[in-house]
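Asks: Input: one structure, supplied below.
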Amino acid sequence: MLQGQVCPSGSAVAGFSISGAILCVPIVIATPAAISDSPPSTQDSSWGDNQGPQIKALSIAPPIVAVGSSPQTITVTLAVSDNLSDVEYISLFVSTSANTNFINGSAALISGTNLYGLYVIEVGIPQYAPSGVWLIREIELLDSAGNRERYLNEAISPGASVGNNGWHYVQEIGSDHTFIVS
């Protein structure tokens, strides 16, 4: 049986006795202006966001870089969307196909919004870097609600537990994920 009880003075709680034990429950008082039937803004990441950002397209330019006389830069462009709380961070790792010589870069939004936009990552390839096929090793995305998605390269991480916990293969994006260093 529920009975009204008095809780410690000065506390904004309501007290109830359930089988002899006093249970103090916080009380929240909202003004009519604070009550709304519409969902919170996209900036309120606490409201039901449990999906991380998704890569919709990817391109690499130029497809071939010559680093014999000077360092070069490749540009990776990503079309990325997030369902609710904005893309906060994107990082990328490239490596040789032998999985050595890792290089990373971070993305900058060049057009669109943090819910759907084009991001560019410029990656510096050092002079005298090993020649051959290089590839995107991993792309990591994070949204404002803390949801993380990772795209691994299947050639480097075969059998990784993709498909759950935010792990995917870069190959799922459906575009070329390699470039040549000469």
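Labeling convention for the structure tokens: chains A, B, ... as they appear, residues from 1 per chain, ligands from 1 in order of appearance.
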So that I can check the surroundings of Lys56 (chain A), please list as an MDAnalysis selection string every protein, DNA and RNA residue that reaches within 7 Å of it, counting only C-alpha atoms and ignoring chain neighbours fewer than 2 positions away.

Replies: chainID A and resid 54 79:80 173

Asks: Taking only C-alpha atoms into account, name the residue in A:Ser95, A:Asn104, A:Ser111, A:Ser70 that is nearest to Pro126 (chain A).

Replies: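 Closest residue, counting only C-alpha atoms: A:Ser70.
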
Asks: Write out as a VMD selection string the residues lying within 9 Å of Ala129 (chain A), counting only C-alpha atoms and excluding same-chain residues fewer than 2 positions away.

Replies: chain A and resid 67 to 68 71 101 125 to 127 131 181 to 182

Asks: Would you export the selected residues with N, CA and C atoms as a short mmCIF file (atom, residue, chain, number, x, y, z; two decimals), in the first residue's frame, please?

Replies:
```cif
data_model
loop_
_atom_site.label_atom_id
_atom_site.label_comp_id
_atom_site.auth_asym_id
_atom_site.auth_seq_id
_atom_site.Cartn_x
_atom_site.Cartn_y
_atom_site.Cartn_z
N VAL A 67 56.87 9.75 -55.42
CA VAL A 67 57.51 10.36 -54.26
C VAL A 67 59.04 10.29 -54.31
N GLY A 68 59.60 10.02 -55.49
CA GLY A 68 61.05 9.92 -55.61
C GLY A 68 61.76 11.25 -55.38
N PRO A 71 57.82 14.77 -51.29
CA PRO A 71 56.59 14.18 -50.72
C PRO A 71 55.39 14.59 -51.57
N ASN A 101 54.13 0.82 -42.77
CA ASN A 101 54.19 2.26 -43.07
C ASN A 101 52.82 2.93 -42.98
N ILE A 125 52.14 11.70 -48.21
CA ILE A 125 52.96 10.51 -48.47
C ILE A 125 54.41 10.99 -48.52
N PRO A 126 55.25 10.52 -47.61
CA PRO A 126 56.61 11.05 -47.53
C PRO A 126 57.48 10.67 -48.74
N GLN A 127 58.48 11.50 -48.97
CA GLN A 127 59.47 11.19 -50.02
C GLN A 127 60.11 9.86 -49.67
N SER A 131 57.33 1.94 -52.62
CA SER A 131 56.51 1.95 -53.83
C SER A 131 55.60 0.73 -53.85
N VAL A 181 51.89 4.20 -55.22
CA VAL A 181 53.04 5.06 -54.90
C VAL A 181 54.19 4.56 -55.75
N SER A 182 54.81 5.50 -56.48
CA SER A 182 55.96 5.11 -57.33
C SER A 182 57.16 5.99 -57.03
#
```

Asks: With distances taken over only C-alpha atoms, which of A:Gly124, A:Leu141, A:Asn114, A:Ala57 is nearest to Gln171 (chain A)?

Replies: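 Of A:Gly124, A:Leu141, A:Asn114, A:Ala57, the one nearest Gln171 (chain A), counting only C-alpha atoms, is A:Ala57.
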
Asks: Env of Ala155 (chain A): 10 Å cut, atoms = only C-alpha atoms, seq-sep filter 4 positions within chain, self excluded. Answer as a CSV table (one decimal) with C-alpha atoms, in the first residue's frame.

Replies:
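Full text of selection.csv as output:
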```csv
chain,number,residue,atom,x,y,z
A,97,SER,CA,49.4,-3.6,-49.0
A,98,ALA,CA,52.0,-5.4,-46.8
A,99,ASN,CA,50.4,-3.6,-43.8
A,135,LEU,CA,45.3,1.2,-49.5
A,137,ARG,CA,43.5,0.5,-43.9
A,159,GLY,CA,37.7,-12.6,-40.8
A,169,TYR,CA,34.7,-3.5,-44.5
A,170,VAL,CA,35.8,-0.6,-46.6
A,171,GLN,CA,34.9,-2.7,-49.6
```

Asks: Counting only C-alpha atoms, which residue out of A:Asn83, A:Thr178, A:Asn50, A:Thr77 sits closest to Ile121 (chain A)?

Replies: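 Among A:Asn83, A:Thr178, A:Asn50, A:Thr77, it is A:Thr77 that comes nearest to Ile121 (chain A).
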
Asks: May I ask which of the residues A:Glu172, A:Val123, A:Tyr128, A:Tyr89 is the closest one to Leu109 (chain A), counting only C-alpha atoms?

Replies: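 Among A:Glu172, A:Val123, A:Tyr128, A:Tyr89, it is A:Tyr89 that comes nearest to Leu109 (chain A).
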
Asks: Any idea what the distance is between CA of Ile110 (chain A) and CA of Pro62 (chain A)?

Replies: 18.2 Å

Asks: So what do you get for CA of Gly117 (chain A) versus CA of Val65 (chain A), distance-wise?

Replies: 26.7 Å

Asks: Could you tell me how far CA of Leu92 (chain A) sits from CA of Gly105 (chain A), in Å to one decimal place?

Replies: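 Value for the CA of Gly105 (chain A)-CA of Leu92 (chain A) distance: 5.5 Å.
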
Asks: Have a look at A:Tyr119, A:Asn153, A:Asp176, A:Ile90 and name the one nearest to Glu140 (chain A); count only C-alpha atoms.

Replies: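 Of all the options, A:Ile90 lies closest to Glu140 (chain A).
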
Asks: With a distance cut-off of 9 Å and only C-alpha atoms, select the neighbouring residues of Asn147 (chain A), excluding the residue or stretch itself and same-chain residues fewer than 6 positions from it, and output the selection as a list of chain:residue names.

Replies: A:Asp49, A:Asn50, A:Gln51, A:Gly52, A:Pro53, A:Leu141, A:Gly166

Asks: Could you save the residues just selected, with C-alpha atoms, as a PDB file, in the first residue's frame?

Replies:
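Result went into again.pdb, see below:
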```pdb
ATOM      1  CA  ASP A  49      20.569   8.148 -31.143  1.00  0.00           C
ATOM      2  CA  ASN A  50      22.255   4.767 -31.209  1.00  0.00           C
ATOM      3  CA  GLN A  51      23.568   4.709 -34.789  1.00  0.00           C
ATOM      4  CA  GLY A  52      26.964   5.990 -35.856  1.00  0.00           C
ATOM      5  CA  PRO A  53      27.833   7.924 -39.012  1.00  0.00           C
ATOM      6  CA  LEU A 141      33.794   7.908 -37.576  1.00  0.00           C
ATOM      7  CA  GLY A 166      29.989  -0.741 -35.635  1.00  0.00           C
TER       8      GLY A 166
END
```
